[in-house]
Every structure is written in structure tokens, then in C-alpha cells.
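So the structure is just underneath, and the comments pick up after that.
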Amino acid sequence: MQLPFKVSLRAHDIACQRGGRTLFQGLSFALAPGEALLVSGPNGAGKTSLLRQIAGLLPLADGQLAATGPDDTPLAELCHYVAHADAAKSALSVRENLAFWANYLEGGESGLAQALNAFGLNPLADLPAGLLSAGQKRKLALSRLFASPRPIWLLDEPSVSLDAASVKRLDAAIRDHLKAGGIALVSSHVPLKTRFAHELALGLERAA
Amino acid sequence: MSPALALLIRDVKLAWREGGAVGVVLGFYLVVVAITPFGLGPDLNLLARIAPGMLWVALLLAALLSADRIFHNDYEDGTLDVLAAGPLPLPLVAAIKSLAHWLTTGVPLALLAPVLGLLLNLPLDAMPLLVLAMLAGTPAVSFIAAIGASLTLGLRRSGLLLGLLVLPLYVPVLIFGVSTVSAAIVGPGSPWPPFLMLCALSLASIVLAPLAAAAALRTALR
């Protein structure tokens, strides 16, 4: 997949507060094009919150986050955020779901074709998404990554309810994305073959 | 297809396909208006006099039934997270979703109103103005409902709270909507001044309500 441009992502001293409690603080990392970051930590350590902060959904309690690229597109619009919820509409068919994302995220016709192929959803294209199994819905959510090329992937537990073959496919998709110069931030408990340039372990200060 | 158009088409399609949207709203409107004569007795003059008010009040209640659909489903299944990261600013997302609500609720209700007017002995020559007033006033209904829908995101049984929040805001729409139709039936005066006020209310809500709804959405997404 061709990326429109490459960006690097830099976080400086960021902190996150949820309900008056500090989840993490003083977090810094820098990702160059083609690098991936594995976010690990126990439940409740703030993995999802970190990804939501980068996606622009949660405010930073402190610090700065910046993506440097060729133009000044806001950070949130550089990111694909795939969360626990699948964002699939059960009343729409698989094709309609993906066509909407391709149009909404400005990926166009080629985006739709790539999204349908990415995780082999083509044979299911005319099935209402409500009839899909949990794993198939997960694939539908992950196919959104291909509906429009964006340089930063934020994947929150992407392999939940996927079968072994699909986890491999996901792994390969992340590697291709990195090879094309993209950035990926992944929180996962399942070991992936992707080589992560950086690893960020959250929640250690509280465990210690 | 532009992102805005894609979102509008998707929302309209979902409202028609998912159960409990358009059909339930129209059915509710029909039932509320149809049982009114049973409560008031068969006095045709009385029915004709209260018909404009009755039709408007029932329309507001029916529109509220589907108001929590504007954002609730998208919030529950995570779609809102992705919509927020899209190319459209959040107030525009809120405006498009309110517009879709108007197309699937306000317009069908306004078109059904003259049929229900017959049940209440509304004079036939007042029908065109009734439909016109409702088409002009229902955008305000949908856009204001979006404020309530975004404020009550994440609450359980939010529909009741939504009604409490939003119905008081409908008072101006109700007043000018009813006086437009009443002026056409019994006078005195011309129906156009209240009609223009109704248009003004709709235009103001189209501009202002999405800003308020987007602010509430930002908080809900945290």
C-alpha cells in the first residue's frame, strides 16, 4: 500500500489522568518512519488511554505530542485507531460498512477494494455485518486500516478473537505497513513476529 | 463521494433499515393523535380549535422518541471514535447527523400531519400551511434534539432525561408553530410573522446547536 507521505511521531514527557488518578507521567518516545512501538503493561496501566491520547480523543494531562511530516495535517487525521469496539453497523453489509469508511476517510474506490481484500472479507461482502462472528467482525474493523492510507496505526489489542491464520495476516500487514514507511503503535498480549523498534512498559512504577 | 455526503447517506440508510426508527415514530404520532378525540369527546368545533396545538405537541413527542438514535448507537459501537478522527470537524459531524435525523423524522412527520389533521377536523384549507410550518420548524426540533442526545451519551435509560432536557427548549418552536397554523384558521392577523419566526428559530439552531453538541461529544469521548 502506498502511503501519501511519511511522518515521525514524538512524545515528550506526556502524562495521563483518568478520574483524578495519574495513570502514567513523564512518558517520552520518538518513532521514525518504519518503526513500531509495542505498548505493554498490566490491565489498567493506561495502554488504551495512551493510544486514545495519540488519536486525539483524550486530552494530555501534561507534555507534548507531535507528528512531523510534510504538511500540517492534525495528528488525529494521520492516525487509524482500531479499538476494542469494532465500529461495525450490523444493519449494513460488509461491503457497505467498508465503503462508508473508504468514502468517509477519503480512500475512494481503491480503498474499498483494498479493504475487502486485506483480510479476505470478499466472499462475505454482501452479508449483513450483524451475522458475522466475533473474529470476522474484528477482521472487518482491521480492514478499515486499508480503506484509506494513513501513516500511523494505533492498534489496541488487535488480535483479540482472531484465529491463528488471521493473526499471521495481521502480523504481515503491520510489517508491510512499516516497510512502506508507516508507524505502528500496538498494544498486544499475543506475541507478534513484527520487529518492534521500541517497547514501552506501562504501570511498572505502581507494581514496584 | 465526499465524506459529508457519505455520512449523511449512511445515517439515512441506517434509520430506514434498523428497526424502531421511522416506522415507530410515525406509528407513535398516529396513535397519540388518534386517541385524543376519545379523551375529548366528539365535539368537532373543539377538536378543530385544539388541532394545531395537538398536532405540534404530538410531533415533538414523536420526534423525541428517535432523538437518542442520533449519537447513541455510534457511541456504543465505537464509530464515534473514528468519526472524530475523520476529515470533518466534529460540529460538522453533529450537523450532518442532525440533518439525517430531520430527513428521517421531521420530514415524514410533517408529511403525515395533514392526514392526522383530518382526524381532528382541521379545516382542509389550513393543510398546506400546516405542512409548510412543520417543514420549517422541524429542523429546529432535530438540531436541538442533538444537543440533548450528545449530553446524555453514556447514561442508561437516557431517553427520559433527554426529554426533560430538550422539551423546555422546544417551547418557542411550539408557540410559533401553533400560532402560524391557528392564524390561518381563525385569525386574527396573518400567519406569516410567526412563520418567519419559526424559520429564524430553525436557522439559529442549525448554526448553534452543532457547536454545543460537538462540545458535549468531546466530553463524552474522553
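Residue names in the C-alpha cells use chain letters A, B, ... in the order shown, residue numbers from 1 in each chain, and ligand numbers from 1 in the order shown.
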As a VMD selection string, could you give me every residue of chain A near chain B (at most 8 Å apart, counting only C-alpha atoms)?
chain A and resid 55 to 59 76 to 77 79 to 81 83 85 to 89 91 to 92 100 103 to 106 108
Could you give me, as JSON, numbers by chain, each residue of chain B that DSSP assigns to helix (DSSP H, G or I) when run on this structure's backbone?
{"B": [3, 4, 5, 6, 7, 8, 9, 10, 11, 12, 13, 14, 15, 16, 17, 22, 23, 24, 25, 26, 27, 28, 29, 30, 31, 32, 33, 34, 35, 36, 37, 38, 39, 40, 44, 45, 46, 47, 48, 49, 50, 51, 52, 53, 54, 55, 56, 57, 58, 59, 60, 61, 62, 63, 64, 65, 67, 68, 69, 72, 73, 74, 75, 76, 79, 80, 81, 82, 83, 84, 90, 91, 92, 93, 94, 95, 96, 97, 98, 99, 100, 101, 102, 103, 104, 105, 106, 107, 108, 109, 110, 111, 112, 113, 114, 115, 116, 117, 118, 119, 124, 125, 126, 127, 128, 129, 130, 131, 132, 133, 134, 135, 136, 137, 138, 139, 140, 141, 142, 143, 144, 145, 146, 147, 148, 149, 150, 151, 158, 159, 160, 161, 162, 163, 164, 165, 166, 167, 168, 169, 170, 171, 172, 173, 174, 175, 176, 177, 178, 179, 180, 181, 182, 183, 184, 185, 192, 193, 194, 195, 196, 197, 198, 199, 200, 201, 202, 203, 204, 205, 206, 207, 208, 209, 210, 211, 212, 213, 214, 215, 216, 217, 218, 219, 220, 221]}
Restricting the calculation to only C-alpha atoms, which member of B:Asn45, B:Thr138, B:Ser98, B:Ser66 is positioned closest to B:Leu174?
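Comparing B:Asn45, B:Thr138, B:Ser98, B:Ser66 against B:Leu174, the winner is B:Thr138.
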Given the choices A:Leu140, A:Ala125, A:Ala30, A:Val190, which gets closest to A:Trp101 if the distance is worked out from only C-alpha atoms?
A:Leu140
Hey, what's within 9 Å of B:Phe71 if we count only C-alpha atoms and toss same-chain stuff fewer than 4 positions away? As a PyMOL selection string, please?
chain B and resi 67+75-76+80+94+97+146+149-150+153+217
The selected residues should be written to file as a compact mmCIF listing (two decimals), in the first residue's frame (atoms: N, CA and C atoms).
# COMPACT_ATOMS: atom_id res chain seq x y z
N ALA B 67 -34.76 10.57 19.10
CA ALA B 67 -33.65 11.52 19.23
C ALA B 67 -32.37 10.84 19.73
N TYR B 75 -21.94 5.85 19.41
CA TYR B 75 -21.12 5.93 20.61
C TYR B 75 -20.86 4.52 21.16
N GLU B 76 -21.92 3.71 21.19
CA GLU B 76 -21.81 2.37 21.76
C GLU B 76 -20.85 1.48 20.97
N LEU B 80 -18.08 6.52 16.75
CA LEU B 80 -17.85 7.94 17.02
C LEU B 80 -16.36 8.25 17.15
N ALA B 94 -21.77 16.54 13.80
CA ALA B 94 -23.02 16.66 14.55
C ALA B 94 -24.12 17.26 13.66
N LYS B 97 -25.38 14.62 11.18
CA LYS B 97 -26.20 13.60 11.82
C LYS B 97 -27.56 14.17 12.22
N ALA B 146 -30.27 17.04 19.05
CA ALA B 146 -28.90 16.56 19.01
C ALA B 146 -28.11 17.03 20.23
N ALA B 149 -29.13 14.71 22.91
CA ALA B 149 -28.62 13.36 22.66
C ALA B 149 -27.13 13.28 22.99
N SER B 150 -26.38 14.34 22.69
CA SER B 150 -24.94 14.28 22.97
C SER B 150 -24.68 14.44 24.47
N LEU B 153 -25.16 11.03 26.38
CA LEU B 153 -24.41 9.85 25.94
C LEU B 153 -23.80 9.13 27.13
N LEU B 217 -19.98 16.09 22.78
CA LEU B 217 -19.41 14.85 22.23
C LEU B 217 -17.95 14.70 22.67
Quick one: everything within 12 Å of B:Gly23, counting only C-alpha atoms, minus sequence neighbours fewer than 2 positions away in the same chain. Send it as a list in words.
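Final neighbour list, sorted by chain and number: Ala15, Trp16, Arg17, Glu18, Gly19, Gly20, Ala21, Val25, Leu26, Gly27, Phe28, Tyr29, Leu30, Ala62, Ala63, Leu65, Ser66, Thr104, Thr105, Pro108, Leu109 and Leu112 of chain B.
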